[in-house]
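Structure file my_file-v8.pdb (PDB, C-alpha atoms) is printed below.
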ATOM      1  CA  MET V   1      25.634  20.764 -55.807  1.00  0.00           C
ATOM      2  CA  GLU V   2      23.441  22.424 -58.432  1.00  0.00           C
ATOM      3  CA  THR V   3      22.094  25.898 -57.613  1.00  0.00           C
ATOM      4  CA  ALA V   4      18.478  24.695 -57.573  1.00  0.00           C
ATOM      5  CA  ASP V   5      19.444  21.976 -55.088  1.00  0.00           C
ATOM      6  CA  VAL V   6      21.196  24.563 -52.902  1.00  0.00           C
ATOM      7  CA  ARG V   7      18.034  26.678 -52.751  1.00  0.00           C
ATOM      8  CA  GLN V   8      15.922  23.681 -51.795  1.00  0.00           C
ATOM      9  CA  ARG V   9      18.488  22.585 -49.189  1.00  0.00           C
ATOM     10  CA  LEU V  10      18.464  26.063 -47.648  1.00  0.00           C
ATOM     11  CA  LEU V  11      14.661  25.935 -47.342  1.00  0.00           C
ATOM     12  CA  VAL V  12      14.821  22.512 -45.674  1.00  0.00           C
ATOM     13  CA  LEU V  13      17.514  23.621 -43.203  1.00  0.00           C
ATOM     14  CA  ALA V  14      15.605  26.788 -42.315  1.00  0.00           C
ATOM     15  CA  ASP V  15      12.423  24.797 -41.775  1.00  0.00           C
ATOM     16  CA  GLU V  16      14.216  22.274 -39.551  1.00  0.00           C
ATOM     17  CA  ARG V  17      15.604  25.061 -37.356  1.00  0.00           C
ATOM     18  CA  ARG V  18      12.294  26.959 -37.495  1.00  0.00           C
ATOM     19  CA  VAL V  19      13.942  30.179 -38.574  1.00  0.00           C
ATOM     20  CA  SER V  20      12.754  32.453 -41.376  1.00  0.00           C
ATOM     21  CA  LEU V  21      14.744  33.416 -44.453  1.00  0.00           C
ATOM     22  CA  ALA V  22      14.326  37.040 -43.393  1.00  0.00           C
ATOM     23  CA  ALA V  23      15.955  36.334 -40.014  1.00  0.00           C
ATOM     24  CA  LEU V  24      18.791  34.439 -41.685  1.00  0.00           C
ATOM     25  CA  SER V  25      19.319  37.331 -44.107  1.00  0.00           C
ATOM     26  CA  ARG V  26      19.686  39.772 -41.218  1.00  0.00           C
ATOM     27  CA  MET V  27      22.037  37.359 -39.440  1.00  0.00           C
ATOM     28  CA  ILE V  28      24.493  37.521 -42.361  1.00  0.00           C
ATOM     29  CA  GLY V  29      24.189  41.309 -42.565  1.00  0.00           C
ATOM     30  CA  LYS V  30      21.897  41.564 -45.571  1.00  0.00           C
ATOM     31  CA  ASN V  31      18.446  43.077 -46.042  1.00  0.00           C
ATOM     32  CA  ALA V  32      15.478  40.937 -44.994  1.00  0.00           C
ATOM     33  CA  SER V  33      14.566  39.915 -48.560  1.00  0.00           C
ATOM     34  CA  TYR V  34      18.081  38.805 -49.612  1.00  0.00           C
ATOM     35  CA  LEU V  35      17.706  35.032 -49.173  1.00  0.00           C
ATOM     36  CA  GLN V  36      14.058  35.097 -50.271  1.00  0.00           C
ATOM     37  CA  GLN V  37      15.201  36.551 -53.597  1.00  0.00           C
ATOM     38  CA  PHE V  38      18.017  33.989 -53.820  1.00  0.00           C
ATOM     39  CA  VAL V  39      15.580  31.113 -53.316  1.00  0.00           C
ATOM     40  CA  ARG V  40      12.607  32.376 -55.322  1.00  0.00           C
ATOM     41  CA  LYS V  41      14.189  34.500 -58.067  1.00  0.00           C
ATOM     42  CA  GLY V  42      17.740  33.166 -58.341  1.00  0.00           C
ATOM     43  CA  SER V  43      19.268  36.527 -57.500  1.00  0.00           C
ATOM     44  CA  PRO V  44      22.076  36.419 -56.536  1.00  0.00           C
ATOM     45  CA  ARG V  45      22.970  33.430 -58.690  1.00  0.00           C
ATOM     46  CA  LYS V  46      24.977  31.865 -55.857  1.00  0.00           C
ATOM     47  CA  LEU V  47      25.755  32.624 -52.229  1.00  0.00           C
ATOM     48  CA  GLU V  48      28.828  34.686 -51.496  1.00  0.00           C
ATOM     49  CA  GLU V  49      31.635  32.798 -49.767  1.00  0.00           C
ATOM     50  CA  GLU V  50      31.341  34.673 -46.455  1.00  0.00           C
ATOM     51  CA  ASP V  51      27.529  34.358 -46.381  1.00  0.00           C
ATOM     52  CA  ARG V  52      27.696  30.676 -47.270  1.00  0.00           C
ATOM     53  CA  GLY V  53      30.241  30.023 -44.529  1.00  0.00           C
ATOM     54  CA  MET V  54      28.181  31.794 -41.864  1.00  0.00           C
ATOM     55  CA  LEU V  55      25.023  29.907 -42.846  1.00  0.00           C
ATOM     56  CA  ALA V  56      26.846  26.566 -42.908  1.00  0.00           C
ATOM     57  CA  ARG V  57      28.233  27.154 -39.398  1.00  0.00           C
ATOM     58  CA  PHE V  58      24.810  28.200 -38.127  1.00  0.00           C
ATOM     59  CA  PHE V  59      23.165  25.048 -39.499  1.00  0.00           C
ATOM     60  CA  GLY V  60      26.117  22.801 -38.636  1.00  0.00           C
ATOM     61  CA  VAL V  61      26.527  21.494 -42.199  1.00  0.00           C
ATOM     62  CA  GLU V  62      29.323  21.344 -44.763  1.00  0.00           C
ATOM     63  CA  GLU V  63      29.567  24.343 -47.093  1.00  0.00           C
ATOM     64  CA  CYS V  64      29.226  22.025 -50.074  1.00  0.00           C
ATOM     65  CA  GLU V  65      25.549  21.630 -49.112  1.00  0.00           C
ATOM     66  CA  LEU V  66      25.144  25.348 -49.778  1.00  0.00           C
ATOM     67  CA  GLY V  67      27.017  25.507 -53.058  1.00  0.00           C
ATOM     68  CA  LYS V  68      30.740  25.301 -52.357  1.00  0.00           C
ATOM     69  CA  VAL V  69      32.425  23.420 -55.194  1.00  0.00           C
ATOM     70  CA  LYS V  70      34.952  20.712 -54.427  1.00  0.00           C
ATOM     71  CA  GLU V  71      37.901  22.383 -56.150  1.00  0.00           C
ATOM     72  CA  ASN V  72      37.513  25.425 -53.876  1.00  0.00           C
ATOM     73  CA  TYR V  73      37.696  23.434 -50.633  1.00  0.00           C
ATOM     74  CA  LEU V  74      40.103  24.785 -48.047  1.00  0.00           C
ATOM     75  CA  ASN V  75      43.103  22.650 -47.242  1.00  0.00           C
ATOM     76  CA  ASP V  76      42.889  20.189 -44.381  1.00  0.00           C
ATOM     77  CA  SER V  77      44.859  22.317 -41.916  1.00  0.00           C
ATOM     78  CA  VAL V  78      42.526  25.324 -42.325  1.00  0.00           C
ATOM     79  CA  LEU V  79      39.446  23.118 -42.088  1.00  0.00           C
ATOM     80  CA  ALA V  80      40.806  21.604 -38.881  1.00  0.00           C
ATOM     81  CA  VAL V  81      41.113  25.073 -37.347  1.00  0.00           C
ATOM     82  CA  LEU V  82      37.583  26.102 -38.408  1.00  0.00           C
ATOM     83  CA  SER V  83      36.113  22.881 -37.060  1.00  0.00           C
ATOM     84  CA  GLU V  84      37.335  23.849 -33.599  1.00  0.00           C
ATOM     85  CA  TRP V  85      34.767  26.657 -33.374  1.00  0.00           C
ATOM     86  CA  PHE V  86      30.979  26.763 -33.341  1.00  0.00           C
ATOM     87  CA  ASP V  87      28.732  29.779 -33.873  1.00  0.00           C
ATOM     88  CA  VAL V  88      25.832  29.796 -31.417  1.00  0.00           C
ATOM     89  CA  PRO V  89      22.815  31.858 -32.571  1.00  0.00           C
ATOM     90  CA  ARG V  90      21.966  34.990 -30.564  1.00  0.00           C
ATOM     91  CA  LEU V  91      18.209  35.415 -30.304  1.00  0.00           C
ATOM     92  CA  THR V  92      16.420  38.749 -30.018  1.00  0.00           C
ATOM     93  CA  ILE V  93      14.160  37.411 -27.277  1.00  0.00           C
ATOM     94  CA  GLY V  94      15.311  38.189 -23.728  1.00  0.00           C
ATOM     95  CA  ALA V  95      14.953  36.345 -20.437  1.00  0.00           C
ATOM     96  CA  SER V  96      13.759  38.695 -17.748  1.00  0.00           C
ATOM     97  CA  ALA V  97      15.537  38.838 -14.401  1.00  0.00           C
ATOM     98  CA  GLY V  98      12.581  40.786 -13.073  1.00  0.00           C
ATOM     99  CA  SER V  99       8.832  40.772 -13.599  1.00  0.00           C
ATOM    100  CA  GLY V 100       8.881  38.764 -16.819  1.00  0.00           C
ATOM    101  CA  ALA V 101       9.412  39.200 -20.546  1.00  0.00           C
ATOM    102  CA  SER V 102       6.844  38.168 -23.123  1.00  0.00           C
ATOM    103  CA  PRO V 103       8.332  35.847 -25.800  1.00  0.00           C
ATOM    104  CA  GLY V 104       6.791  37.490 -28.862  1.00  0.00           C
ATOM    105  CA  GLY V 105       8.743  35.273 -31.278  1.00  0.00           C
ATOM    106  CA  GLU V 106      12.390  34.481 -31.803  1.00  0.00           C
ATOM    107  CA  GLU V 107      14.645  36.018 -34.441  1.00  0.00           C
ATOM    108  CA  VAL V 108      18.341  35.450 -34.965  1.00  0.00           C
ATOM    109  CA  LEU V 109      20.260  38.618 -34.113  1.00  0.00           C
ATOM    110  CA  GLY V 110      23.727  37.229 -34.810  1.00  0.00           C
ATOM    111  CA  THR V 111      26.060  34.595 -33.421  1.00  0.00           C
ATOM    112  CA  ILE V 112      28.578  34.120 -30.615  1.00  0.00           C
ATOM    113  CA  ARG V 113      31.551  31.873 -31.389  1.00  0.00           C
ATOM    114  CA  PHE V 114      32.575  29.240 -28.859  1.00  0.00           C
ATOM    115  CA  SER V 115      35.416  26.742 -28.837  1.00  0.00           C
ATOM    116  CA  ALA V 116      34.132  23.316 -29.890  1.00  0.00           C
ATOM    117  CA  ARG V 117      36.660  21.767 -27.505  1.00  0.00           C
ATOM    118  CA  TRP V 118      35.270  23.816 -24.594  1.00  0.00           C
ATOM    119  CA  LEU V 119      31.702  22.837 -25.490  1.00  0.00           C
ATOM    120  CA  ARG V 120      32.677  19.168 -25.530  1.00  0.00           C
ATOM    121  CA  ALA V 121      34.483  19.507 -22.192  1.00  0.00           C
ATOM    122  CA  MET V 122      31.329  21.056 -20.720  1.00  0.00           C
ATOM    123  CA  GLY V 123      29.252  18.153 -22.054  1.00  0.00           C
ATOM    124  CA  LEU V 124      27.239  20.497 -24.286  1.00  0.00           C
ATOM    125  CA  GLN V 125      25.676  19.641 -27.636  1.00  0.00           C
ATOM    126  CA  ALA V 126      26.277  22.579 -29.952  1.00  0.00           C
ATOM    127  CA  ASP V 127      22.957  22.445 -31.825  1.00  0.00           C
ATOM    128  CA  MET V 128      21.021  22.591 -28.535  1.00  0.00           C
ATOM    129  CA  LEU V 129      22.479  25.959 -27.525  1.00  0.00           C
ATOM    130  CA  SER V 130      21.282  29.522 -27.958  1.00  0.00           C
ATOM    131  CA  ALA V 131      22.346  32.859 -26.498  1.00  0.00           C
ATOM    132  CA  ILE V 132      19.980  35.520 -25.170  1.00  0.00           C
ATOM    133  CA  ALA V 133      20.272  38.740 -23.185  1.00  0.00           C
ATOM    134  CA  VAL V 134      19.194  39.195 -19.573  1.00  0.00           C
ATOM    135  CA  THR V 135      16.862  42.072 -18.724  1.00  0.00           C
ATOM    136  CA  GLY V 136      16.230  43.341 -15.211  1.00  0.00           C
ATOM    137  CA  ASP V 137      18.050  43.136 -11.879  1.00  0.00           C
ATOM    138  CA  SER V 138      16.447  40.267  -9.944  1.00  0.00           C
ATOM    139  CA  MET V 139      19.451  37.976 -10.481  1.00  0.00           C
ATOM    140  CA  GLU V 140      22.095  40.507  -9.457  1.00  0.00           C
ATOM    141  CA  PRO V 141      24.914  40.200  -8.647  1.00  0.00           C
ATOM    142  CA  THR V 142      25.148  36.848 -10.477  1.00  0.00           C
ATOM    143  CA  LEU V 143      23.486  38.101 -13.672  1.00  0.00           C
ATOM    144  CA  ARG V 144      23.186  41.769 -14.537  1.00  0.00           C
ATOM    145  CA  ASP V 145      20.931  43.616 -16.946  1.00  0.00           C
ATOM    146  CA  GLY V 146      22.387  43.215 -20.455  1.00  0.00           C
ATOM    147  CA  ASP V 147      24.464  40.103 -19.726  1.00  0.00           C
ATOM    148  CA  GLU V 148      24.527  37.467 -22.441  1.00  0.00           C
ATOM    149  CA  ILE V 149      23.705  33.964 -21.259  1.00  0.00           C
ATOM    150  CA  LEU V 150      24.220  30.626 -22.977  1.00  0.00           C
ATOM    151  CA  VAL V 151      21.171  28.397 -22.633  1.00  0.00           C
ATOM    152  CA  ASP V 152      21.349  24.613 -23.013  1.00  0.00           C
ATOM    153  CA  ARG V 153      17.966  23.391 -24.265  1.00  0.00           C
ATOM    154  CA  THR V 154      18.790  19.683 -23.934  1.00  0.00           C
ATOM    155  CA  PRO V 155      15.757  17.984 -22.273  1.00  0.00           C
ATOM    156  CA  ARG V 156      16.601  16.919 -18.727  1.00  0.00           C
ATOM    157  CA  ALA V 157      14.826  16.030 -15.521  1.00  0.00           C
ATOM    158  CA  LEU V 158      13.975  19.081 -13.408  1.00  0.00           C
ATOM    159  CA  ARG V 159      16.820  19.969 -11.058  1.00  0.00           C
ATOM    160  CA  ASP V 160      18.241  22.847  -9.036  1.00  0.00           C
ATOM    161  CA  GLY V 161      20.278  25.583 -10.731  1.00  0.00           C
ATOM    162  CA  ILE V 162      19.816  28.704 -12.872  1.00  0.00           C
ATOM    163  CA  HIS V 163      17.366  28.177 -15.725  1.00  0.00           C
ATOM    164  CA  VAL V 164      15.304  30.077 -18.258  1.00  0.00           C
ATOM    165  CA  VAL V 165      11.671  29.183 -17.617  1.00  0.00           C
ATOM    166  CA  SER V 166       8.262  30.071 -19.017  1.00  0.00           C
ATOM    167  CA  LEU V 167       5.587  30.981 -16.477  1.00  0.00           C
ATOM    168  CA  GLU V 168       2.218  32.401 -17.506  1.00  0.00           C
ATOM    169  CA  ASP V 169       3.572  33.191 -20.982  1.00  0.00           C
ATOM    170  CA  ASN V 170       6.489  35.151 -19.506  1.00  0.00           C
ATOM    171  CA  LEU V 171      10.145  34.198 -19.778  1.00  0.00           C
ATOM    172  CA  LEU V 172      12.167  34.398 -16.569  1.00  0.00           C
ATOM    173  CA  VAL V 173      15.720  33.569 -15.573  1.00  0.00           C
ATOM    174  CA  LYS V 174      15.691  32.196 -12.039  1.00  0.00           C
ATOM    175  CA  ARG V 175      17.219  29.640  -9.741  1.00  0.00           C
ATOM    176  CA  ILE V 176      15.048  26.559  -9.425  1.00  0.00           C
ATOM    177  CA  ASP V 177      14.503  24.966  -6.010  1.00  0.00           C
ATOM    178  CA  THR V 178      12.904  21.511  -6.174  1.00  0.00           C
ATOM    179  CA  SER V 179      13.304  20.586  -2.508  1.00  0.00           C
ATOM    180  CA  ARG V 180       9.658  21.208  -1.572  1.00  0.00           C
ATOM    181  CA  PRO V 181       7.310  18.330  -2.484  1.00  0.00           C
ATOM    182  CA  GLY V 182       4.660  19.314  -5.015  1.00  0.00           C
ATOM    183  CA  LEU V 183       6.165  22.769  -5.609  1.00  0.00           C
ATOM    184  CA  VAL V 184       8.732  24.420  -7.824  1.00  0.00           C
ATOM    185  CA  VAL V 185      10.189  27.540  -6.248  1.00  0.00           C
ATOM    186  CA  LEU V 186      11.764  30.202  -8.467  1.00  0.00           C
ATOM    187  CA  LEU V 187      14.434  32.120  -6.576  1.00  0.00           C
ATOM    188  CA  SER V 188      16.088  35.470  -7.318  1.00  0.00           C
ATOM    189  CA  ASP V 189      19.657  36.216  -6.213  1.00  0.00           C
ATOM    190  CA  ASN V 190      18.614  39.800  -5.479  1.00  0.00           C
ATOM    191  CA  PRO V 191      17.043  39.717  -1.972  1.00  0.00           C
ATOM    192  CA  ALA V 192      14.631  42.507  -2.971  1.00  0.00           C
ATOM    193  CA  TYR V 193      12.623  39.932  -4.945  1.00  0.00           C
ATOM    194  CA  ARG V 194      10.456  37.375  -3.192  1.00  0.00           C
ATOM    195  CA  PRO V 195      10.452  33.671  -4.198  1.00  0.00           C
ATOM    196  CA  ILE V 196       7.793  32.534  -6.658  1.00  0.00           C
ATOM    197  CA  GLU V 197       6.020  29.313  -5.721  1.00  0.00           C
ATOM    198  CA  CYS V 198       4.299  27.372  -8.482  1.00  0.00           C
ATOM    199  CA  ARG V 199       3.094  23.900  -9.346  1.00  0.00           C
ATOM    200  CA  PRO V 200       5.419  21.804 -11.558  1.00  0.00           C
ATOM    201  CA  GLU V 201       2.802  21.704 -14.332  1.00  0.00           C
ATOM    202  CA  ASP V 202       2.582  25.516 -14.419  1.00  0.00           C
ATOM    203  CA  VAL V 203       6.244  26.150 -15.199  1.00  0.00           C
ATOM    204  CA  ARG V 204       8.060  25.073 -18.363  1.00  0.00           C
ATOM    205  CA  VAL V 205      11.835  24.868 -18.352  1.00  0.00           C
ATOM    206  CA  ILE V 206      13.310  26.291 -21.572  1.00  0.00           C
ATOM    207  CA  GLY V 207      16.901  25.469 -20.733  1.00  0.00           C
ATOM    208  CA  ARG V 208      19.716  25.560 -18.223  1.00  0.00           C
ATOM    209  CA  VAL V 209      22.058  28.572 -18.066  1.00  0.00           C
ATOM    210  CA  VAL V 210      25.604  27.273 -18.570  1.00  0.00           C
ATOM    211  CA  TRP V 211      27.636  30.443 -19.259  1.00  0.00           C
ATOM    212  CA  LYS V 212      27.391  34.207 -18.960  1.00  0.00           C
ATOM    213  CA  GLY V 213      29.214  37.114 -20.517  1.00  0.00           C
ATOM    214  CA  GLY V 214      28.913  40.858 -19.969  1.00  0.00           C
ATOM    215  CA  ARG V 215      30.625  44.172 -19.423  1.00  0.00           C
ATOM    216  CA  ILE V 216      32.970  44.672 -16.497  1.00  0.00           C
TER     217      ILE V 216
END
Would it be possible to restate this file's structure as structure tokens?
Amino acid sequence: METADVRQRLLVLADERRVSLAALSRMIGKNASYLQQFVRKGSPRKLEEEDRGMLARFFGVEECELGKVKENYLNDSVLAVLSEWFDVPRLTIGASAGSGASPGGEEVLGTIRFSARWLRAMGLQADMLSAIAVTGDSMEPTLRDGDEILVDRTPRALRDGIHVVSLEDNLLVKRIDTSRPGLVVLLSDNPAYRPIECRPEDVRVIGRVVWKGGRI
């Protein structure tokens, strides 16, 4: 693919994922203007191999769409190994296990790599996943302050379980109880926090929590 086509393709991919070039630049460990200069000024002339690979995994596309030439393709055995992993974006926004966290915009902080086989076994679609950090103690001991959680944003009917929800412009991580007609009850695992009762139209489900990771 010609360099000009690579720049245009990068803009299209970023727009589709609604992520800025500055955020992508920071994700690959460069200064915020790195990809902006690549797209607008042609400097650098082409993406470095490591940067190109990280961006391709983030967008879920072949590296050739971002400038990898055919004669430099990895052999089939190496490609098979790489295809068994998927890098899920880590977002700077947090889900509060407490009084609530204001969204304030999402930026990509980095990625967490998961086994593609494990994601398939869990019935998860890789491009519908994101990872965020928990803040607060209302979901202890299940989720602790600083834990990373994997959020599945696949649209589904409202059901019980741990979810990230938006309520009054605040993001919360809570258990959802749908057993009471006409109400959605947000429950904390920490008994010090009282349940939150709200109408279904007042709460927006961002996604279901399907995995957690944190310090021992």
*Select, from V:Pro89, V:Gly42, V:Gly213, V:Gly110, the residue with the minimum atom-to-atom distance to V:Met27, counting all atoms listed in the file.*
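Closest to V:Met27, using all atoms listed in the file: V:Gly110.
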*Closest to V:Val6 among V:Arg45, V:Arg113, V:Arg156, V:Arg57, using all atoms listed in the file?*
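Smallest distance to V:Val6 is found for V:Arg45.
Checking V:Leu150, V:Cys198, V:Val12, V:Leu91 one by one against V:Leu119, counting all atoms listed in the file, you find the shortest gap at V:Leu150.
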What are the centre and the three edge lengths of an axis-aligned box that wraps all atoms of stretch 145-149 of chain V in the file, given that 3 Å is added to every side, written as AutoDock Vina command-line options and rounded to one decimal in Å?
--center_x 22.7 --center_y 38.8 --center_z -19.7 --size_x 9.6 --size_y 15.7 --size_z 11.5
*Using all atoms listed in the file, determine which residues lie at most 9 Å from V:Leu66, disregarding the query and same-chain residues fewer than 6 positions distant; provide the list as an MDAnalysis selection string.*
chainID V and resid 1 3 5:7 9:10 46:47 52:53 55:56
*Between atom CA of V:Trp85 and atom CA of V:Asp160, distance in Å (one decimal)*: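 Interatomic distance here is 29.7 Å.
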*Sphere at (16.3, 39.4, -46.2), radius 9 Å, counting all atoms listed in the file: residues as a VMD selection string*: chain V and resid 21 to 26 29 to 37
*Could you state the separation of atom CA of V:Leu129 and atom CA of V:Val151 in Å, given to one decimal place?*
5.6 Å
*Which value, in Å to one decimal, gives the distance between atom CA of V:Val203 and atom CA of V:Pro191?*
21.8 Å
*Please identify all polymer residues within 7 Å of V:Ser166, counting only C-alpha atoms, omitting same-chain residues fewer than 4 positions from it, and present them as a PyMOL selection string.*
chain V and resi 170-172+203-206
Name every residue that the PyMOL selection byres ((chain V and resi 60) around 9) selects in this structure, writing the answer as a PDB file with C-alpha atoms, in the frame of the given file with chains first and numbers rising.
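Saved result, part_32.pdb, follows:
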ATOM      1  CA  LEU V  55      25.023  29.907 -42.846  1.00  0.00           C
ATOM      2  CA  ALA V  56      26.846  26.566 -42.908  1.00  0.00           C
ATOM      3  CA  ARG V  57      28.233  27.154 -39.398  1.00  0.00           C
ATOM      4  CA  PHE V  58      24.810  28.200 -38.127  1.00  0.00           C
ATOM      5  CA  PHE V  59      23.165  25.048 -39.499  1.00  0.00           C
ATOM      6  CA  VAL V  61      26.527  21.494 -42.199  1.00  0.00           C
ATOM      7  CA  GLU V  62      29.323  21.344 -44.763  1.00  0.00           C
ATOM      8  CA  PHE V  86      30.979  26.763 -33.341  1.00  0.00           C
ATOM      9  CA  ASP V  87      28.732  29.779 -33.873  1.00  0.00           C
ATOM     10  CA  ALA V 126      26.277  22.579 -29.952  1.00  0.00           C
ATOM     11  CA  ASP V 127      22.957  22.445 -31.825  1.00  0.00           C
TER      12      ASP V 127
END
*Specify as a list of chain:residue names each residue included when the PyMOL selection byres ((chain V and resi 149) around 8) is applied to this file.*
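Expected selection for the PyMOL selection byres ((chain V and resi 149) around 8) here is V:Ala131, V:Ile132, V:Ala133, V:Val134, V:Asp147, V:Glu148, V:Leu150, V:Val151, V:Val209, V:Val210, V:Trp211, V:Lys212, V:Gly213.
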*Between V:Asp152, V:Asp202, V:Glu50, V:Glu140, which has the minimum distance to V:Leu187 (counting only C-alpha atoms)?*
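Ranking V:Asp152, V:Asp202, V:Glu50, V:Glu140 by distance to V:Leu187, first place goes to V:Glu140.
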*Identify all residues satisfying the PyMOL selection byres ((chain V and resi 182) around 8) in the given file; provide them as a list of chain:residue names.*
V:Arg180, V:Pro181, V:Leu183, V:Val184, V:Arg199, V:Pro200
*asked:* From the options V:Ala121, V:Ile216, V:Ile112, V:Ile196, which residue's atoms come nearest to V:Leu167, counting all atoms listed in the file?
replied: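 Under the stated criterion, the closest residue is V:Ile196.
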